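**Q** Sharing my_file-v4.txt below, compact mmCIF, C-alpha atoms:
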```txt
# COMPACT_ATOMS: atom_id res chain seq x y z
CA MET Q 404 104.12 163.75 93.33
CA LYS Q 405 107.47 164.28 95.05
CA ASP Q 406 107.36 160.61 96.09
CA LYS Q 407 107.85 159.59 92.47
CA LEU Q 408 111.17 161.39 92.28
CA ILE Q 409 112.29 160.08 95.66
CA ASP Q 410 111.34 156.52 94.60
CA TYR Q 411 113.34 156.97 91.42
CA MET Q 412 116.36 158.18 93.39
CA LYS Q 413 116.09 155.23 95.77
CA LYS Q 414 116.68 152.90 92.84
CA PHE Q 415 120.24 154.23 92.71
CA ILE Q 416 121.19 155.20 96.27
CA ASP Q 417 120.24 154.58 99.87
CA LEU Q 418 118.57 157.58 101.48
CA ASN Q 419 117.74 157.96 105.14
CA GLU Q 420 114.59 159.72 106.39
CA ASP Q 421 116.52 162.88 107.20
CA GLU Q 422 118.00 163.13 103.71
CA ILE Q 423 114.64 162.46 102.11
CA GLU Q 424 112.99 165.22 104.13
CA LYS Q 425 115.72 167.74 103.31
CA MET Q 426 115.75 166.88 99.62
CA ALA Q 427 111.96 166.92 99.34
CA ALA Q 428 112.06 170.50 100.60
CA GLU Q 429 114.35 171.40 97.65
CA ILE Q 430 112.24 169.76 94.95
CA ASN Q 431 110.65 172.29 92.63
CA ILE Q 432 107.63 170.96 90.70
CA GLN Q 433 106.07 172.98 87.88
CA THR Q 434 103.26 172.44 85.41
CA PHE Q 435 103.76 173.34 81.74
CA GLN Q 436 101.15 173.62 79.03
CA LYS Q 437 101.35 171.60 75.85
CA GLY Q 438 103.48 173.50 73.36
CA THR Q 439 105.67 175.23 75.96
CA ILE Q 440 109.24 175.65 74.72
CA LEU Q 441 111.55 174.77 77.61
CA LEU Q 442 114.77 175.46 75.74
CA GLU Q 443 115.64 176.88 72.32
CA GLN Q 444 118.44 175.44 70.20
CA GLY Q 445 121.47 177.73 70.63
CA GLU Q 446 120.68 178.78 74.20
CA VAL Q 447 122.92 177.75 77.08
CA PRO Q 448 120.82 175.46 79.28
CA THR Q 449 120.43 176.55 82.90
CA LEU Q 450 117.82 174.01 83.97
CA CYS Q 451 117.28 170.26 83.85
CA TYR Q 452 114.03 168.33 84.27
CA PHE Q 453 112.52 165.09 85.48
CA VAL Q 454 109.18 164.05 83.98
CA LEU Q 455 106.50 163.23 86.56
CA LYS Q 456 103.71 163.34 83.97
CA GLY Q 457 103.65 164.29 80.31
CA CYS Q 458 106.03 164.21 77.38
CA VAL Q 459 108.94 166.41 76.35
CA ARG Q 460 110.33 166.35 72.81
CA GLN Q 461 114.00 167.03 72.00
CA TYR Q 462 114.66 168.21 68.45
CA LEU Q 463 117.00 170.22 66.30
CA ILE Q 464 117.15 171.97 62.96
CA ASP Q 465 120.18 170.59 61.13
CA GLU Q 466 122.51 172.38 58.70
CA GLU Q 467 120.22 171.47 55.80
CA GLY Q 468 117.26 173.09 57.56
CA ARG Q 469 115.61 169.77 58.37
CA GLU Q 470 113.86 169.34 61.72
CA ILE Q 471 114.98 166.13 63.44
CA THR Q 472 113.31 164.72 66.54
CA SER Q 473 116.08 163.09 68.54
CA ASN Q 474 114.22 162.02 71.66
CA PHE Q 475 110.93 161.86 73.55
CA TYR Q 476 111.07 161.90 77.35
CA THR Q 477 108.12 160.51 79.27
CA GLU Q 478 107.30 159.54 82.86
CA GLU Q 479 110.31 158.86 85.10
CA GLN Q 480 112.88 159.98 82.58
CA ASN Q 481 115.29 162.79 83.19
CA VAL Q 482 115.80 165.50 80.61
CA THR Q 483 119.33 166.86 80.58
CA ILE Q 484 121.15 168.57 77.74
CA TYR Q 485 124.75 167.40 78.04
CA ASN Q 486 126.90 170.18 76.64
CA ARG Q 487 130.23 169.70 78.38
CA HIS Q 488 131.76 168.48 75.11
CA THR Q 489 130.74 171.56 73.09
CA GLN Q 490 132.83 174.68 72.71
CA ASP Q 491 130.35 177.38 73.68
CA LYS Q 492 128.16 175.25 75.98
CA SER Q 493 125.08 176.11 73.94
CA SER Q 494 122.43 173.49 73.30
CA LYS Q 495 122.18 171.76 69.91
CA TYR Q 496 118.59 170.93 70.76
CA SER Q 497 115.28 172.53 71.55
CA LEU Q 498 112.95 171.08 74.16
CA SER Q 499 109.18 171.42 74.02
CA CYS Q 500 106.20 169.88 75.78
CA VAL Q 501 104.23 167.55 73.51
CA GLU Q 502 101.56 167.24 76.23
CA ASP Q 503 100.59 169.22 79.33
CA SER Q 504 103.45 168.18 81.58
CA VAL Q 505 104.33 168.11 85.27
CA LEU Q 506 108.08 168.36 85.68
CA VAL Q 507 110.60 168.56 88.47
CA VAL Q 508 112.79 171.54 87.59
CA GLY Q 509 116.46 171.44 88.61
CA ASP Q 510 118.77 174.44 88.57
CA LEU Q 511 122.12 173.57 86.97
CA SER Q 512 123.81 176.55 88.63
CA THR Q 513 123.26 175.02 92.07
CA GLU Q 514 124.29 171.52 90.99
CA GLN Q 515 127.72 171.76 92.64
CA GLU Q 516 126.18 173.07 95.89
CA MET Q 517 123.72 170.18 95.90
CA TYR Q 518 126.57 167.68 95.61
CA GLU Q 519 128.25 169.32 98.57
CA ALA Q 520 125.07 169.40 100.65
CA PHE Q 521 124.14 165.82 99.68
CA PRO Q 522 127.26 163.83 98.75
CA VAL Q 523 125.15 160.77 97.84
CA LEU Q 524 123.83 162.73 94.88
CA SER Q 525 127.15 162.62 93.06
CA ASP Q 526 127.03 158.85 93.23
CA MET Q 527 123.43 158.86 92.03
CA THR Q 528 124.18 161.13 89.08
CA ARG Q 529 127.04 158.88 88.04
CA LYS Q 530 124.82 155.81 88.19
CA ILE Q 531 121.98 157.47 86.28
CA MET Q 532 124.41 158.57 83.61
CA GLU Q 533 125.83 155.07 83.37
CA GLU Q 534 122.30 153.81 82.69
CA ASN Q 535 121.61 156.55 80.17
CA ILE Q 536 124.81 156.10 78.26
CA GLY Q 537 124.40 152.33 78.18
CA ALA Q 538 120.86 152.67 76.85
CA VAL Q 539 121.71 155.25 74.19
CA ASN Q 540 124.73 153.21 73.04
CA ASP Q 541 122.48 150.17 72.61
CA GLU Q 542 119.80 152.13 70.77
CA PHE Q 543 122.38 153.62 68.47
CA ALA Q 544 124.03 150.29 67.71
CA LEU Q 545 120.66 148.79 66.82
CA PHE Q 546 119.57 151.81 64.83
CA ILE Q 547 122.64 151.50 62.59
CA SER Q 548 121.66 148.04 61.47
CA GLN Q 549 117.88 148.07 61.68
CA LYS Q 550 115.65 148.38 58.66
CA PRO Q 551 112.82 150.92 59.11
CA GLU Q 552 110.26 148.23 59.86
CA GLU Q 553 112.52 146.71 62.54
CA ARG Q 554 112.93 150.13 64.16
CA PHE Q 555 109.20 150.54 64.42
CA LYS Q 556 108.80 147.02 65.85
CA ALA Q 557 111.50 147.73 68.45
CA LEU Q 558 109.69 150.89 69.49
CA MET Q 559 106.37 149.03 69.68
CA SER Q 560 107.84 146.52 72.10
CA LYS Q 561 109.81 149.02 74.20
CA ARG Q 562 107.61 152.12 74.29
CA PRO Q 563 104.19 151.22 72.88
CA ASP Q 564 102.55 154.24 74.52
CA LEU Q 565 104.74 156.65 72.59
CA ILE Q 566 103.22 155.61 69.28
CA GLN Q 567 99.81 156.86 70.46
CA ARG Q 568 101.01 159.95 72.27
CA VAL Q 569 103.02 161.97 69.80
CA PRO Q 570 102.33 163.54 66.39
CA GLN Q 571 103.12 161.00 63.70
CA HIS Q 572 105.42 163.24 61.66
CA GLN Q 573 107.57 163.71 64.77
CA LEU Q 574 107.55 159.99 65.40
CA ALA Q 575 108.60 159.39 61.79
CA SER Q 576 111.49 161.81 62.17
CA TYR Q 577 112.59 160.10 65.40
CA LEU Q 578 112.68 156.79 63.50
CA GLY Q 579 114.56 158.31 60.56
CA LEU Q 580 111.57 157.76 58.26
CA THR Q 581 109.35 159.89 56.07
CA PRO Q 582 105.78 160.23 57.37
CA GLU Q 583 104.64 158.22 54.32
CA SER Q 584 106.95 155.30 55.08
CA LEU Q 585 105.85 155.28 58.71
CA SER Q 586 102.23 155.24 57.65
CA ARG Q 587 102.83 152.29 55.30
CA ILE Q 588 104.71 150.35 57.99
CA LYS Q 589 101.95 150.95 60.52
CA LYS Q 590 99.27 149.75 58.09
CA ARG Q 591 101.23 146.61 57.45
CA LEU Q 592 101.91 145.83 61.10
CA LEU Q 593 98.91 147.03 63.10
CA MET O 1059 153.10 156.73 78.53
CA LYS O 1060 151.44 157.21 81.91
CA ASP O 1061 151.73 160.96 81.34
CA LYS O 1062 149.13 160.71 78.59
CA LEU O 1063 146.53 159.34 80.98
CA ILE O 1064 147.43 161.87 83.68
CA ASP O 1065 147.17 164.71 81.13
CA TYR O 1066 143.78 163.42 80.07
CA MET O 1067 142.61 163.31 83.70
CA LYS O 1068 143.84 166.85 84.28
CA LYS O 1069 141.42 168.08 81.64
CA PHE O 1070 138.62 167.17 84.06
CA ILE O 1071 140.00 167.61 87.57
CA ASP O 1072 142.77 169.35 89.46
CA LEU O 1073 145.39 166.92 90.73
CA ASN O 1074 148.22 167.73 93.11
CA GLU O 1075 151.67 166.15 92.84
CA ASP O 1076 150.94 163.74 95.64
CA GLU O 1077 147.76 162.46 93.98
CA ILE O 1078 149.49 162.14 90.61
CA GLU O 1079 152.28 160.09 92.13
CA LYS O 1080 149.90 157.76 93.98
CA MET O 1081 147.66 157.28 90.95
CA ALA O 1082 150.58 156.74 88.58
CA ALA O 1083 151.62 153.83 90.80
CA GLU O 1084 148.19 152.23 90.24
CA ILE O 1085 148.17 152.59 86.47
CA ASN O 1086 148.40 149.26 84.70
CA ILE O 1087 149.59 149.47 81.08
CA GLN O 1088 149.46 146.44 78.80
CA THR O 1089 150.25 145.76 75.16
CA PHE O 1090 147.86 143.71 73.05
CA GLN O 1091 148.44 142.21 69.62
CA LYS O 1092 146.23 143.02 66.69
CA GLY O 1093 143.29 140.63 66.72
CA THR O 1094 143.20 140.17 70.49
CA ILE O 1095 139.65 139.75 71.78
CA LEU O 1096 139.34 141.84 74.95
CA LEU O 1097 135.72 140.93 75.65
CA GLU O 1098 133.22 138.52 74.12
CA GLN O 1099 129.57 139.45 73.64
CA GLY O 1100 127.61 137.83 76.51
CA GLU O 1101 130.42 137.99 79.06
CA VAL O 1102 130.15 140.21 82.13
CA PRO O 1103 132.86 142.86 81.76
CA THR O 1104 135.38 143.04 84.60
CA LEU O 1105 137.83 145.47 82.99
CA CYS O 1106 137.78 148.85 81.30
CA TYR O 1107 140.43 150.42 79.08
CA PHE O 1108 141.96 153.68 77.98
CA VAL O 1109 143.68 153.76 74.60
CA LEU O 1110 147.25 155.10 74.69
CA LYS O 1111 148.04 153.79 71.21
CA GLY O 1112 146.09 151.64 68.78
CA CYS O 1113 142.47 150.98 67.96
CA VAL O 1114 139.75 148.90 69.62
CA ARG O 1115 136.60 147.89 67.78
CA GLN O 1116 133.24 147.40 69.53
CA TYR O 1117 130.79 145.14 67.67
CA LEU O 1118 127.90 142.79 68.13
CA ILE O 1119 126.05 140.03 66.35
CA ASP O 1120 122.40 141.03 66.24
CA GLU O 1121 119.31 138.79 66.39
CA GLU O 1122 119.37 138.37 62.62
CA GLY O 1123 122.99 137.16 62.77
CA ARG O 1124 124.41 140.34 61.28
CA GLU O 1125 127.71 141.69 62.61
CA ILE O 1126 127.43 145.39 63.42
CA THR O 1127 130.40 147.57 64.28
CA SER O 1128 129.13 150.11 66.80
CA ASN O 1129 132.30 151.97 67.68
CA PHE O 1130 136.03 152.38 67.13
CA TYR O 1131 138.10 153.69 70.04
CA THR O 1132 141.46 155.30 69.27
CA GLU O 1133 144.08 157.36 71.14
CA GLU O 1134 142.82 159.10 74.28
CA GLN O 1135 139.42 157.48 74.28
CA ASN O 1136 138.15 155.35 77.10
CA VAL O 1137 136.54 152.00 76.42
CA THR O 1138 133.82 151.13 78.89
CA ILE O 1139 130.91 148.77 78.43
CA TYR O 1140 128.02 150.38 80.29
CA ASN O 1141 125.80 147.56 81.44
CA ARG O 1142 124.05 148.99 84.50
CA HIS O 1143 120.79 149.18 82.56
CA THR O 1144 120.79 145.52 81.54
CA GLN O 1145 119.24 142.70 83.51
CA ASP O 1146 122.11 140.24 83.73
CA LYS O 1147 125.00 142.77 83.45
CA SER O 1148 126.41 140.90 80.47
CA SER O 1149 127.88 142.82 77.57
CA LYS O 1150 125.94 143.19 74.32
CA TYR O 1151 129.25 143.87 72.59
CA SER O 1152 132.57 142.26 71.84
CA LEU O 1153 135.80 144.25 71.91
CA SER O 1154 138.81 143.45 69.76
CA CYS O 1155 142.07 145.15 68.82
CA VAL O 1156 142.08 146.32 65.20
CA GLU O 1157 145.78 147.23 65.57
CA ASP O 1158 148.56 146.36 68.00
CA SER O 1159 147.41 148.43 70.96
CA VAL O 1160 148.80 149.87 74.17
CA LEU O 1161 146.03 150.21 76.71
CA VAL O 1162 145.61 151.28 80.30
CA VAL O 1163 143.67 148.46 81.95
CA GLY O 1164 141.28 149.32 84.77
CA ASP O 1165 139.73 146.78 87.11
CA LEU O 1166 136.00 147.41 87.55
CA SER O 1167 135.91 145.38 90.78
CA THR O 1168 138.15 147.94 92.51
CA GLU O 1169 136.29 150.95 91.08
CA GLN O 1170 134.51 151.69 94.35
CA GLU O 1171 137.76 151.41 96.32
CA MET O 1172 139.44 153.81 93.92
CA TYR O 1173 136.67 156.37 94.49
CA GLU O 1174 137.21 156.05 98.21
CA ALA O 1175 140.99 156.33 97.95
CA PHE O 1176 140.80 159.21 95.47
CA PRO O 1177 137.51 161.10 95.89
CA VAL O 1178 138.33 163.41 92.95
CA LEU O 1179 137.94 160.41 90.66
CA SER O 1180 134.19 160.28 91.18
CA ASP O 1181 133.95 163.84 89.94
CA MET O 1182 136.17 163.00 87.00
CA THR O 1183 134.14 159.96 86.02
CA ARG O 1184 130.97 162.03 86.11
CA LYS O 1185 132.49 164.68 83.88
CA ILE O 1186 133.89 162.15 81.41
CA MET O 1187 130.51 160.48 81.21
CA GLU O 1188 128.83 163.83 80.64
CA GLU O 1189 131.16 164.36 77.67
CA ASN O 1190 130.57 160.86 76.35
CA ILE O 1191 126.83 160.99 76.63
CA GLY O 1192 126.69 164.43 75.01
CA ALA O 1193 128.84 163.25 72.13
CA VAL O 1194 126.91 160.03 71.53
CA ASN O 1195 123.58 161.87 71.71
CA ASP O 1196 124.81 164.29 69.05
CA GLU O 1197 126.16 161.54 66.82
CA PHE O 1198 122.91 159.63 67.11
CA ALA O 1199 120.75 162.67 66.34
CA LEU O 1200 122.79 163.36 63.22
CA PHE O 1201 122.88 159.73 62.16
CA ILE O 1202 119.07 159.60 62.16
CA SER O 1203 118.82 162.33 59.56
CA GLN O 1204 122.00 161.94 57.55
CA LYS O 1205 122.10 160.36 54.16
CA PRO O 1206 124.94 157.82 53.73
CA GLU O 1207 127.15 160.30 51.90
CA GLU O 1208 126.68 162.89 54.65
CA ARG O 1209 127.66 160.31 57.26
CA PHE O 1210 130.89 159.60 55.46
CA LYS O 1211 131.64 163.32 55.08
CA ALA O 1212 131.03 163.88 58.79
CA LEU O 1213 133.47 161.08 59.61
CA MET O 1214 136.05 162.50 57.20
CA SER O 1215 135.97 165.83 58.97
CA LYS O 1216 135.85 164.44 62.52
CA ARG O 1217 138.03 161.35 62.40
CA PRO O 1218 139.90 161.32 59.07
CA ASP O 1219 142.53 158.88 60.39
CA LEU O 1220 139.90 156.21 61.05
CA ILE O 1221 139.11 155.86 57.36
CA GLN O 1222 142.71 154.72 56.71
CA ARG O 1223 143.12 152.61 59.81
CA VAL O 1224 140.29 150.09 59.83
CA PRO O 1225 139.06 147.38 57.45
CA GLN O 1226 136.59 148.90 55.03
CA HIS O 1227 133.80 146.38 55.61
CA GLN O 1228 133.90 147.25 59.32
CA LEU O 1229 133.86 150.95 58.51
CA ALA O 1230 130.87 150.39 56.22
CA SER O 1231 129.01 148.59 58.99
CA TYR O 1232 129.77 151.42 61.43
CA LEU O 1233 128.24 153.86 58.93
CA GLY O 1234 125.20 151.65 58.35
CA LEU O 1235 126.24 151.00 54.75
CA THR O 1236 127.02 148.02 52.59
CA PRO O 1237 130.70 147.77 51.62
CA GLU O 1238 129.64 148.43 48.01
CA SER O 1239 127.88 151.70 48.89
CA LEU O 1240 130.85 152.84 50.93
CA SER O 1241 133.19 152.10 48.05
CA ARG O 1242 130.98 154.10 45.63
CA ILE O 1243 130.79 157.05 48.03
CA LYS O 1244 134.56 157.05 48.53
CA LYS O 1245 135.19 157.01 44.77
CA ARG O 1246 132.88 159.97 44.35
CA LEU O 1247 134.36 162.02 47.16
CA LEU O 1248 138.07 161.24 47.35
```
Translate the structure described by the file into structure tokens.
**A**
Amino acid sequence: MKDKLIDYMKKFIDLNEDEIEKMAAEINIQTFQKGTILLEQGEVPTLCYFVLKGCVRQYLIDEEGREITSNFYTEEQNVTIYNRHTQDKSSKYSLSCVEDSVLVVGDLSTEQEMYEAFPVLSDMTRKIMEENIGAVNDEFALFISQKPEERFKALMSKRPDLIQRVPQHQLASYLGLTPESLSRIKKRLL
Amino acid sequence: MKDKLIDYMKKFIDLNEDEIEKMAAEINIQTFQKGTILLEQGEVPTLCYFVLKGCVRQYLIDEEGREITSNFYTEEQNVTIYNRHTQDKSSKYSLSCVEDSVLVVGDLSTEQEMYEAFPVLSDMTRKIMEENIGAVNDEFALFISQKPEERFKALMSKRPDLIQRVPQHQLASYLGLTPESLSRIKKRLL
């Protein structure tokens, strides 16, 4: 299982055998049952995750009391709550496991130490963030202009597995649709 | 003018007098007329920018031929096209100056050299990206659930100046609205 994380890291940086061995010793893998809450909205996050197997949902309750699903993380995606821009460093989001999940668990309090022990990691983090920010910018730009049916089609082509894996009312929320609209669109398209 | 960029950098990293002096010597400030195209959709970006004064619009023509405004960058915002996640490294967006603008111009081809010359910069870039990604994630999550009127209200409270500064059809596009809907919402609220 650790190989998956190492392979992922190798996409961004060169690692020699010695570094791989030392890092592998630091990797903390844990299994979580479906329904486990990893983080509650309002808490200050102390951990980050990398999905080896399973699915983690990111969601929030907005000021109007509506629950909004803002992301689903699946295999080989990293789950980080970025809170540097917020005043009190608390999370706007909750995280919960939609499926039984196997996750690499990272401790944010030792992040700086890890960069000092393994300087290549700082480079890697920067590159991963560049990918993430590019992807979320693109998704956002498309979302602004897409009609509901186009959003569903885009998801079908990019993440077809997701449509089968998650509760449909959560999927609807993620697409900015009512469950009824999603159901109509699916009937029309599938 | 260079002070503004140095002050911005100091929010993220500690800089000593020597570093400030050396970096200030590298800072390239240019003035661009309103209407200047900084980057065309499909080109591979070679430059990045930091807005000292003015406004830069990011937009794209989607597959249906619609023009979508996906961002406006104003004072003390950095303008970077993140393309690491794309196959051919070309930009999905165009960039143009909505106003006469004074920008710091950064050369992406010397980015790696800059990190080597000034190792603190790598740390700074990571922190700036953490802020950016956190902010865009939050905006996106809200956008999914917000009704058009709520989107406009959110913009009024966060970036009231923008509403006065940019053409209204571009603002409408940025909010995912038709110009007519935006005009109705403004009449109701202002």
**Q** For chain O, which residue out of Q:Lys414, Q:Lys407, Q:Arg529, Q:Lys456 is the nearest one, using only C-alpha atoms?
**A**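 Checking each of Q:Lys414, Q:Lys407, Q:Arg529, Q:Lys456 against chain O, counting only C-alpha atoms, the winner is Q:Arg529.
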**Q** Report the distance between atom CA of O:Ile1186 and atom CA of Q:Tyr485 in Å, rounded to one decimal place.
**A** 11.1 Å
**Q** What are the residues of chain O that have an atom within 7 Å of an atom of chain Q, counting all atoms listed in the file, as number ranges by chain?
**A** O: 1126, 1128, 1140-1143, 1184, 1187-1189, 1191-1193, 1198-1199, 1202-1203, 1234
**Q** Give me, as number ranges by chain, all polymer residues having an atom no more than 12 Å from Q:Cys458, counting all atoms listed in the file and skipping those fewer than 4 positions away in the same chain.
**A** Q: 434-439, 441, 452-454, 474-482, 498-506, 564-565, 567-570
**Q** Hey, can you check how far atom CA of Q:Lys405 sits from atom CA of Q:Leu524?
**A** 16.4 Å
**Q** I'd like to know which of O:Lys1147, O:Val1162, O:Ile1095, O:Pro1103 is closest to O:Ala1082, using all atoms listed in the file.
**A**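 Looking only at the distances to O:Ala1082, the closest residue turns out to be O:Val1162.
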**Q** Might you pull out every residue within 12 Å of O:Glu1238, with only C-alpha atoms counted and same-chain residues fewer than 6 positions away left off, and present them as a list in words?
**A**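 So the residues in contact are Pro1206, Gln1226, His1227, Leu1229, Ala1230, Ser1231, Lys1244 and Lys1245 of chain O.
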